[in-house]
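Before any comments, here is the structure.
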Amino acid sequence: MQAVELAQGQVVGERYKIIRRIGNGAFGYTYLAEDIHMPGVGASNLCVVKQLHPQQTDPNSLEIARRLFNSEAVVLSKLGSHPQIPYLSAYFEEGQEFYLVQEYIEGHDLSHEIQPGKTMSEVEVQQFLGETLTILDFVHQNGVIHRDLKPSNIMRRSRDKSLVLIDFGVVKQIGTQLAPSGQTFLTVAVGTKGYMSPELACGKPKFCSDIYSLGKIAIQALTGTAPWVLQDDPDTDEVMWRHQIEVSPALGNLIDRMVRHNYRERYQNAQQVLDDLRSIQANSLNSEVATLLPDIPTSPPAPPPVTRRLMTNKRWLLRAGAIIAVLGGLGAWKGNEVLQFRSNLAELELLRNEGKYDECLDRTSMLMPHPQIEAIQGGCHFLRAEQLANDGMLAEAIMAAQLVKSDHPVYGEKAQALINESASTLLSNAQESAESSSFQAAITTANAIPQGHSLRPEADRLIAESAEQIVERATNRYAENLEEAIAQARVVILLAEEIPALASTAEDASTKVTPWEQELETGNAAIAEAERALEAQEGNYWETADAALEDIPDTAYWRNRSQSLRTQIADARPRPVQQIPVAAPRVVDPPPIPSYTAPPPPVYIPPVRSIPEPPPPIDIPVPVDRRPVN
């Protein structure tokens with residue numbers, strides 16, 4: 001089942017606001033996001049959110065996926081301590097989806113530099129291999145195989161032009177993962193065609209699988225030919241590429257050994273390749289010197305038969321000539337060595353003055369130790385630290401400044417001052433994060449203050465208090481969201497592996513997490529049993545489902561989880577038929593017949609005659625004469 005893509009502006013983990021999708025794969029999507037809990041605006045708030053969607057969402061599969069996810073997060077947390085690997089800032093589970101939050105690397109991947117039809121010089125390829133192998137050696141020393149090395153998974157960071165190894169979404173710790181049922185979960189074949197080694201394609205990755213992939217990238221950089229276009233020798237199965245370009249035998253042989261078809265014939269880890277590469281680079285620097293050394297015979301040629309006195313003179317002349325030749329050759333070699341040394345110093349000073357500190361440091365690592373070279377090296381470390389501090393990368397700035405020797409004549413005291421200033425700023429930032437309830441950010445920020453620094457005790461106190469707040473917040477979230485509570489408490493346990501000051505708090509978190517995880521496992525099993533009963537619909541399945549849910553704790557989290565199941569159980573339970581009682585017929589007595597009583601006989605009353613009264617007298621008016629009297 002494909003993961004549902006997050007919408008622009010959507011917030012996950014209550015703090016990461018999605019800006020846009022920047023990648024996708026078989027297991028989910030990758031987004032550029034903004035951490036809305038971090039103070040300020042701009043690139044410092046940007047991060048990369050990886051959404052991982054389990055292929056199966058049944059409770060057992062989810063539990064297995066959760067364990068593997070937590071294990072992978074621990075690996076990424078360890079790898080993120082390297083300055084050229086993105087650090088892991090958070091991980092969490094939300095809605096049966098798993099999320100990783102990593103550092104955002106501003107720059108471009110090497111697919112913009114290593115392209116079909118475009119070639120690189122031997123020197124450029126050696127520099128690329130040297131820097132990448134240094135990172136890969138750190139990865140291998142932590143027991144991790146990247147398994148998907150290709151140009152698009154190597155970034156060129158904009159601020160310092162350093163290479164950064166990305167996309168550890170498919171890395172797994174060396175070892176076998178066991179499921180609760182006892183079955184072994186074999187690693188799947190994850191990689192990219194053309195760069196993937198034969199054993200990796202079979203799902204059996206090894207450390208030398210990464211060496212194979214890196215060798216294929218080097219061939220592509222030298223020849224300009226995409227790896228999937230290269231042909232294999234039909235007899236030996238080895239990659240055929242040497243005929244496409246002229247390359248020095250030493251570098252060609254090194255790359256050939258990196259891409260051997262049989263993994264047993266390859267370099268077995270990055271350190272072995274680095275050793276041979278540095279030997280090649282050293283020999284190439286001194287090749288011109290080596291050609292100037294004279295070929296001195298081990299014994300003088302046989303003299304002609306002359307007198308003893310003449311023989312003695314000739315032997316003396318031969319020996320003198322040999323001595324002069326040797327001295328002359330040594331003088332020429334010594335003079336050329338001085339010229340080469342001065343040339344190297346000039347090159348290093350130029351790189352330092354141009355601000356190419358990482359490139360300068362790479363060059364110094366290839367040269368023999370010398371006080372002047374070490375002085376330039378210390379200057380590059382400090383100037384790079386200063387640049388990192390100005391860019392707000394204080395933790396990285398401290399790490400770079402610590403590489404400057406305290407007795408450096410110019411930068412020793414300056415480096416210590418930069419460390420003190422950066423540590424003070426980190427402590428202030430950590431305190432601000434704690435005040436805004438961003439406790440995990442407070443812990444990681446405070447932990448960047450180096451051990452032994454005067455501010456470290458205060459940082460340890462803040463770390464301990466923030467961890468206690470995370471555990472307390474997890475306890476408060478237990479009833480509402482059990483999985484989130486477990487994830488928050490697990491953060492403290494994982495951080496304690498790297499921070500000794502969290503030992504006691506991690507122990508407290510463990511005492512809480514253990515019963516929580518048991519409750520989650522029991523509850524998930526009960527819900528799964530109820531779901532199976534409702535799906536099978538066999539017998540009184542509603543009673544079976546209802547009985548399975550009886551052991552679930554009565555908390556808001558489990559009520560929400562089981563609400564739909566309880567509704568299905570109620571709908572499936574048969575309703576009893578209501579019996580309407582039938583009343584017995586009543587016997588109704590007929591109404592009584594009333595008795596008849598005869599009416600009394602009529603009585604005759606004679607009519608009464610009335611004499612009419614005479615009418616009243618009528619007054620007749622007399623006319624009156626109203627004429628005037630004359």
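How things are named: the first chain in the structure tokens is A, the next is B, and so on; residues count from 1 in each chain; ligands count from 1 in the order shown.
Residues within 12 Å of A:Glu517, counting only C-alpha atoms and excluding same-chain residues fewer than 5 positions away, are Glu63, Arg66, Arg67, Tyr478, Leu482, Glu483, Glu484, Ala485, Ile486, Ala487, Ala489, Arg490, Ala509, Ser510, Thr511, Lys512, Thr522, Gly523 and Asn524 of chain A.
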Residues from the last selection, N, CA and C atoms, saved as a compact mmCIF listing (two decimals), in the first residue's frame:
```
# COMPACT_ATOMS: atom_id res chain seq x y z
N GLU A 63 4.47 -3.83 14.54
CA GLU A 63 5.38 -3.93 15.68
C GLU A 63 6.80 -4.25 15.21
N ARG A 66 8.22 -1.20 13.65
CA ARG A 66 8.56 -0.21 14.68
C ARG A 66 9.93 -0.53 15.30
N ARG A 67 10.19 -1.80 15.55
CA ARG A 67 11.48 -2.17 16.13
C ARG A 67 12.61 -1.89 15.15
N TYR A 478 0.54 9.34 28.16
CA TYR A 478 0.32 7.90 28.17
C TYR A 478 -1.15 7.55 27.92
N LEU A 482 -0.60 6.32 23.66
CA LEU A 482 0.40 5.42 24.23
C LEU A 482 1.63 5.33 23.34
N GLU A 483 1.45 5.26 22.03
CA GLU A 483 2.59 5.12 21.12
C GLU A 483 3.49 6.36 21.17
N GLU A 484 2.88 7.53 21.23
CA GLU A 484 3.67 8.75 21.33
C GLU A 484 4.43 8.80 22.65
N ALA A 485 3.80 8.34 23.72
CA ALA A 485 4.48 8.32 25.02
C ALA A 485 5.69 7.40 24.98
N ILE A 486 5.55 6.24 24.35
CA ILE A 486 6.67 5.32 24.23
C ILE A 486 7.79 5.95 23.41
N ALA A 487 7.42 6.58 22.28
CA ALA A 487 8.44 7.18 21.41
C ALA A 487 9.21 8.28 22.14
N ALA A 489 9.68 8.62 25.44
CA ALA A 489 10.55 8.02 26.45
C ALA A 489 11.74 7.33 25.81
N ARG A 490 11.53 6.73 24.65
CA ARG A 490 12.62 6.07 23.93
C ARG A 490 13.70 7.07 23.50
N ALA A 509 13.05 6.27 32.60
CA ALA A 509 12.26 6.11 31.37
C ALA A 509 12.07 4.64 31.04
N SER A 510 13.09 3.83 31.28
CA SER A 510 13.00 2.40 30.97
C SER A 510 11.96 1.71 31.85
N THR A 511 11.89 2.11 33.13
CA THR A 511 10.90 1.51 34.02
C THR A 511 9.47 1.83 33.57
N LYS A 512 9.29 2.95 32.88
CA LYS A 512 7.97 3.31 32.37
C LYS A 512 7.71 2.65 31.02
N THR A 522 0.12 -6.33 24.17
CA THR A 522 -1.08 -7.08 24.55
C THR A 522 -2.32 -6.48 23.89
N GLY A 523 -2.42 -5.16 23.92
CA GLY A 523 -3.58 -4.51 23.31
C GLY A 523 -3.64 -4.72 21.81
N ASN A 524 -2.50 -4.62 21.14
CA ASN A 524 -2.48 -4.86 19.69
C ASN A 524 -2.90 -6.29 19.37
```
All strand (DSSP E or B) positions in stretch 144-285 of chain A, as a PyMOL selection string: chain A and resi 144-145+154-157+163-165+172-173+177-178+184-185+231-232+239-240
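Atom CA of A:Val513 to atom CA of A:Gln440 spans 17.7 Å [interatomic distance, one decimal].
For stretch 541-592 of chain A, backbone-based DSSP labels the following residues as alpha helix (DSSP H): A:Tyr541, A:Trp542, A:Glu543, A:Thr544, A:Ala545, A:Asp546, A:Ala547, A:Ala548, A:Ala556, A:Tyr557, A:Trp558, A:Arg559, A:Asn560, A:Arg561, A:Ser562, A:Gln563, A:Ser564, A:Leu565, A:Arg566, A:Thr567, A:Gln568, A:Ile569, A:Ala570, A:Asp571, A:Ala572.
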Let's have the selection written as a PDB file, in the first residue's frame, with N, CA and C atoms.
```pdb
ATOM      1  N   TYR A 541     -19.304 -15.171  16.589  1.00  0.00           N
ATOM      2  CA  TYR A 541     -18.069 -14.415  16.447  1.00  0.00           C
ATOM      3  C   TYR A 541     -18.095 -13.096  17.198  1.00  0.00           C
ATOM      4  N   TRP A 542     -19.263 -12.528  17.362  1.00  0.00           N
ATOM      5  CA  TRP A 542     -19.354 -11.258  18.090  1.00  0.00           C
ATOM      6  C   TRP A 542     -18.960 -11.443  19.567  1.00  0.00           C
ATOM      7  N   GLU A 543     -19.307 -12.619  20.140  1.00  0.00           N
ATOM      8  CA  GLU A 543     -18.916 -12.884  21.513  1.00  0.00           C
ATOM      9  C   GLU A 543     -17.400 -13.080  21.615  1.00  0.00           C
ATOM     10  N   THR A 544     -16.814 -13.760  20.608  1.00  0.00           N
ATOM     11  CA  THR A 544     -15.360 -13.950  20.599  1.00  0.00           C
ATOM     12  C   THR A 544     -14.640 -12.606  20.519  1.00  0.00           C
ATOM     13  N   ALA A 545     -15.139 -11.734  19.622  1.00  0.00           N
ATOM     14  CA  ALA A 545     -14.519 -10.413  19.474  1.00  0.00           C
ATOM     15  C   ALA A 545     -14.671  -9.585  20.743  1.00  0.00           C
ATOM     16  N   ASP A 546     -15.854  -9.674  21.360  1.00  0.00           N
ATOM     17  CA  ASP A 546     -16.097  -8.902  22.573  1.00  0.00           C
ATOM     18  C   ASP A 546     -15.215  -9.396  23.720  1.00  0.00           C
ATOM     19  N   ALA A 547     -15.031 -10.708  23.796  1.00  0.00           N
ATOM     20  CA  ALA A 547     -14.187 -11.264  24.850  1.00  0.00           C
ATOM     21  C   ALA A 547     -12.724 -10.862  24.661  1.00  0.00           C
ATOM     22  N   ALA A 548     -12.284 -10.725  23.394  1.00  0.00           N
ATOM     23  CA  ALA A 548     -10.896 -10.336  23.134  1.00  0.00           C
ATOM     24  C   ALA A 548     -10.618  -8.922  23.615  1.00  0.00           C
ATOM     25  N   ALA A 556      -8.278   6.563  27.222  1.00  0.00           N
ATOM     26  CA  ALA A 556      -8.757   7.246  26.014  1.00  0.00           C
ATOM     27  C   ALA A 556      -8.110   6.670  24.765  1.00  0.00           C
ATOM     28  N   TYR A 557      -6.826   6.307  24.876  1.00  0.00           N
ATOM     29  CA  TYR A 557      -6.128   5.757  23.711  1.00  0.00           C
ATOM     30  C   TYR A 557      -6.782   4.471  23.231  1.00  0.00           C
ATOM     31  N   TRP A 558      -7.031   3.546  24.171  1.00  0.00           N
ATOM     32  CA  TRP A 558      -7.616   2.255  23.775  1.00  0.00           C
ATOM     33  C   TRP A 558      -9.084   2.391  23.436  1.00  0.00           C
ATOM     34  N   ARG A 559      -9.785   3.328  24.051  1.00  0.00           N
ATOM     35  CA  ARG A 559     -11.188   3.543  23.658  1.00  0.00           C
ATOM     36  C   ARG A 559     -11.273   4.001  22.212  1.00  0.00           C
ATOM     37  N   ASN A 560     -10.361   4.907  21.824  1.00  0.00           N
ATOM     38  CA  ASN A 560     -10.352   5.354  20.419  1.00  0.00           C
ATOM     39  C   ASN A 560      -9.954   4.224  19.476  1.00  0.00           C
ATOM     40  N   ARG A 561      -8.968   3.421  19.899  1.00  0.00           N
ATOM     41  CA  ARG A 561      -8.507   2.320  19.045  1.00  0.00           C
ATOM     42  C   ARG A 561      -9.601   1.271  18.832  1.00  0.00           C
ATOM     43  N   SER A 562     -10.415   1.006  19.872  1.00  0.00           N
ATOM     44  CA  SER A 562     -11.389  -0.088  19.806  1.00  0.00           C
ATOM     45  C   SER A 562     -12.808   0.371  19.511  1.00  0.00           C
ATOM     46  N   GLN A 563     -13.021   1.676  19.329  1.00  0.00           N
ATOM     47  CA  GLN A 563     -14.384   2.182  19.163  1.00  0.00           C
ATOM     48  C   GLN A 563     -15.078   1.571  17.943  1.00  0.00           C
ATOM     49  N   SER A 564     -14.387   1.550  16.800  1.00  0.00           N
ATOM     50  CA  SER A 564     -15.016   1.017  15.586  1.00  0.00           C
ATOM     51  C   SER A 564     -15.300  -0.476  15.728  1.00  0.00           C
ATOM     52  N   LEU A 565     -14.422  -1.203  16.429  1.00  0.00           N
ATOM     53  CA  LEU A 565     -14.645  -2.641  16.629  1.00  0.00           C
ATOM     54  C   LEU A 565     -15.863  -2.872  17.520  1.00  0.00           C
ATOM     55  N   ARG A 566     -15.996  -2.089  18.562  1.00  0.00           N
ATOM     56  CA  ARG A 566     -17.152  -2.253  19.454  1.00  0.00           C
ATOM     57  C   ARG A 566     -18.454  -1.929  18.726  1.00  0.00           C
ATOM     58  N   THR A 567     -18.392  -0.956  17.817  1.00  0.00           N
ATOM     59  CA  THR A 567     -19.581  -0.652  17.019  1.00  0.00           C
ATOM     60  C   THR A 567     -19.939  -1.830  16.127  1.00  0.00           C
ATOM     61  N   GLN A 568     -18.932  -2.456  15.502  1.00  0.00           N
ATOM     62  CA  GLN A 568     -19.197  -3.629  14.658  1.00  0.00           C
ATOM     63  C   GLN A 568     -19.757  -4.782  15.480  1.00  0.00           C
ATOM     64  N   ILE A 569     -19.236  -4.965  16.692  1.00  0.00           N
ATOM     65  CA  ILE A 569     -19.738  -6.037  17.560  1.00  0.00           C
ATOM     66  C   ILE A 569     -21.198  -5.788  17.911  1.00  0.00           C
ATOM     67  N   ALA A 570     -21.532  -4.548  18.247  1.00  0.00           N
ATOM     68  CA  ALA A 570     -22.923  -4.230  18.597  1.00  0.00           C
ATOM     69  C   ALA A 570     -23.860  -4.456  17.413  1.00  0.00           C
ATOM     70  N   ASP A 571     -23.386  -4.103  16.202  1.00  0.00           N
ATOM     71  CA  ASP A 571     -24.229  -4.307  15.008  1.00  0.00           C
ATOM     72  C   ASP A 571     -24.378  -5.780  14.672  1.00  0.00           C
ATOM     73  N   ALA A 572     -23.346  -6.589  14.968  1.00  0.00           N
ATOM     74  CA  ALA A 572     -23.399  -8.013  14.616  1.00  0.00           C
ATOM     75  C   ALA A 572     -24.183  -8.835  15.623  1.00  0.00           C
TER      76      ALA A 572
END
```
Neighbouring residues of A:Val123 were defined as those with any atom within 12 Å, considering only C-alpha atoms; residues of the same chain fewer than 2 positions away were excluded. Please report them as a PyMOL selection string. chain A and resi 119-121+125-130+218+221-222+247-248+251+277+280-281+284-285+363
Correct to one decimal, the distance atom CA of A:Ser454-atom CA of A:Asp407 is 20.1 Å
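Within the 9 Å cut-off around stretch 4-12 of chain A, using only C-alpha atoms and omitting residues fewer than 4 positions from it on the same chain, the listed residues are Tyr16, Lys17, Ile18, Ile19, Arg20, Arg21, Gly28, Tyr29, Tyr31, Ala33, Gln51, His53, Glu94 and Tyr99 of chain A.
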For the interface of stretch 31-86 of chain A with stretch 410-433 of chain A (cut-off 9 Å, counting only C-alpha atoms), please tabulate each contacting residue of stretch 31-86 of chain A alongside its nearest pair of atoms and their separation in Å to one decimal, rows sorted by chain and increasing number, as JSON lines.
```
{"residue": "A:His37", "atom": "CA", "partner": "A:Ser433", "partner_atom": "CA", "distance": 8.4}
{"residue": "A:Met38", "atom": "CA", "partner": "A:Ser433", "partner_atom": "CA", "distance": 7.5}
{"residue": "A:Pro39", "atom": "CA", "partner": "A:Ser433", "partner_atom": "CA", "distance": 8.3}
```
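Atom pair atom CA of A:Leu494 / atom CA of A:Glu507: separated by 11.2 Å.
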Exercise: A:Met196 partners within 9 Å, only C-alpha atoms, chain neighbours under 3 positions left out, as a ChimeraX atom specification: /A:147-149,190-193,199-201,209-210,212-213,216
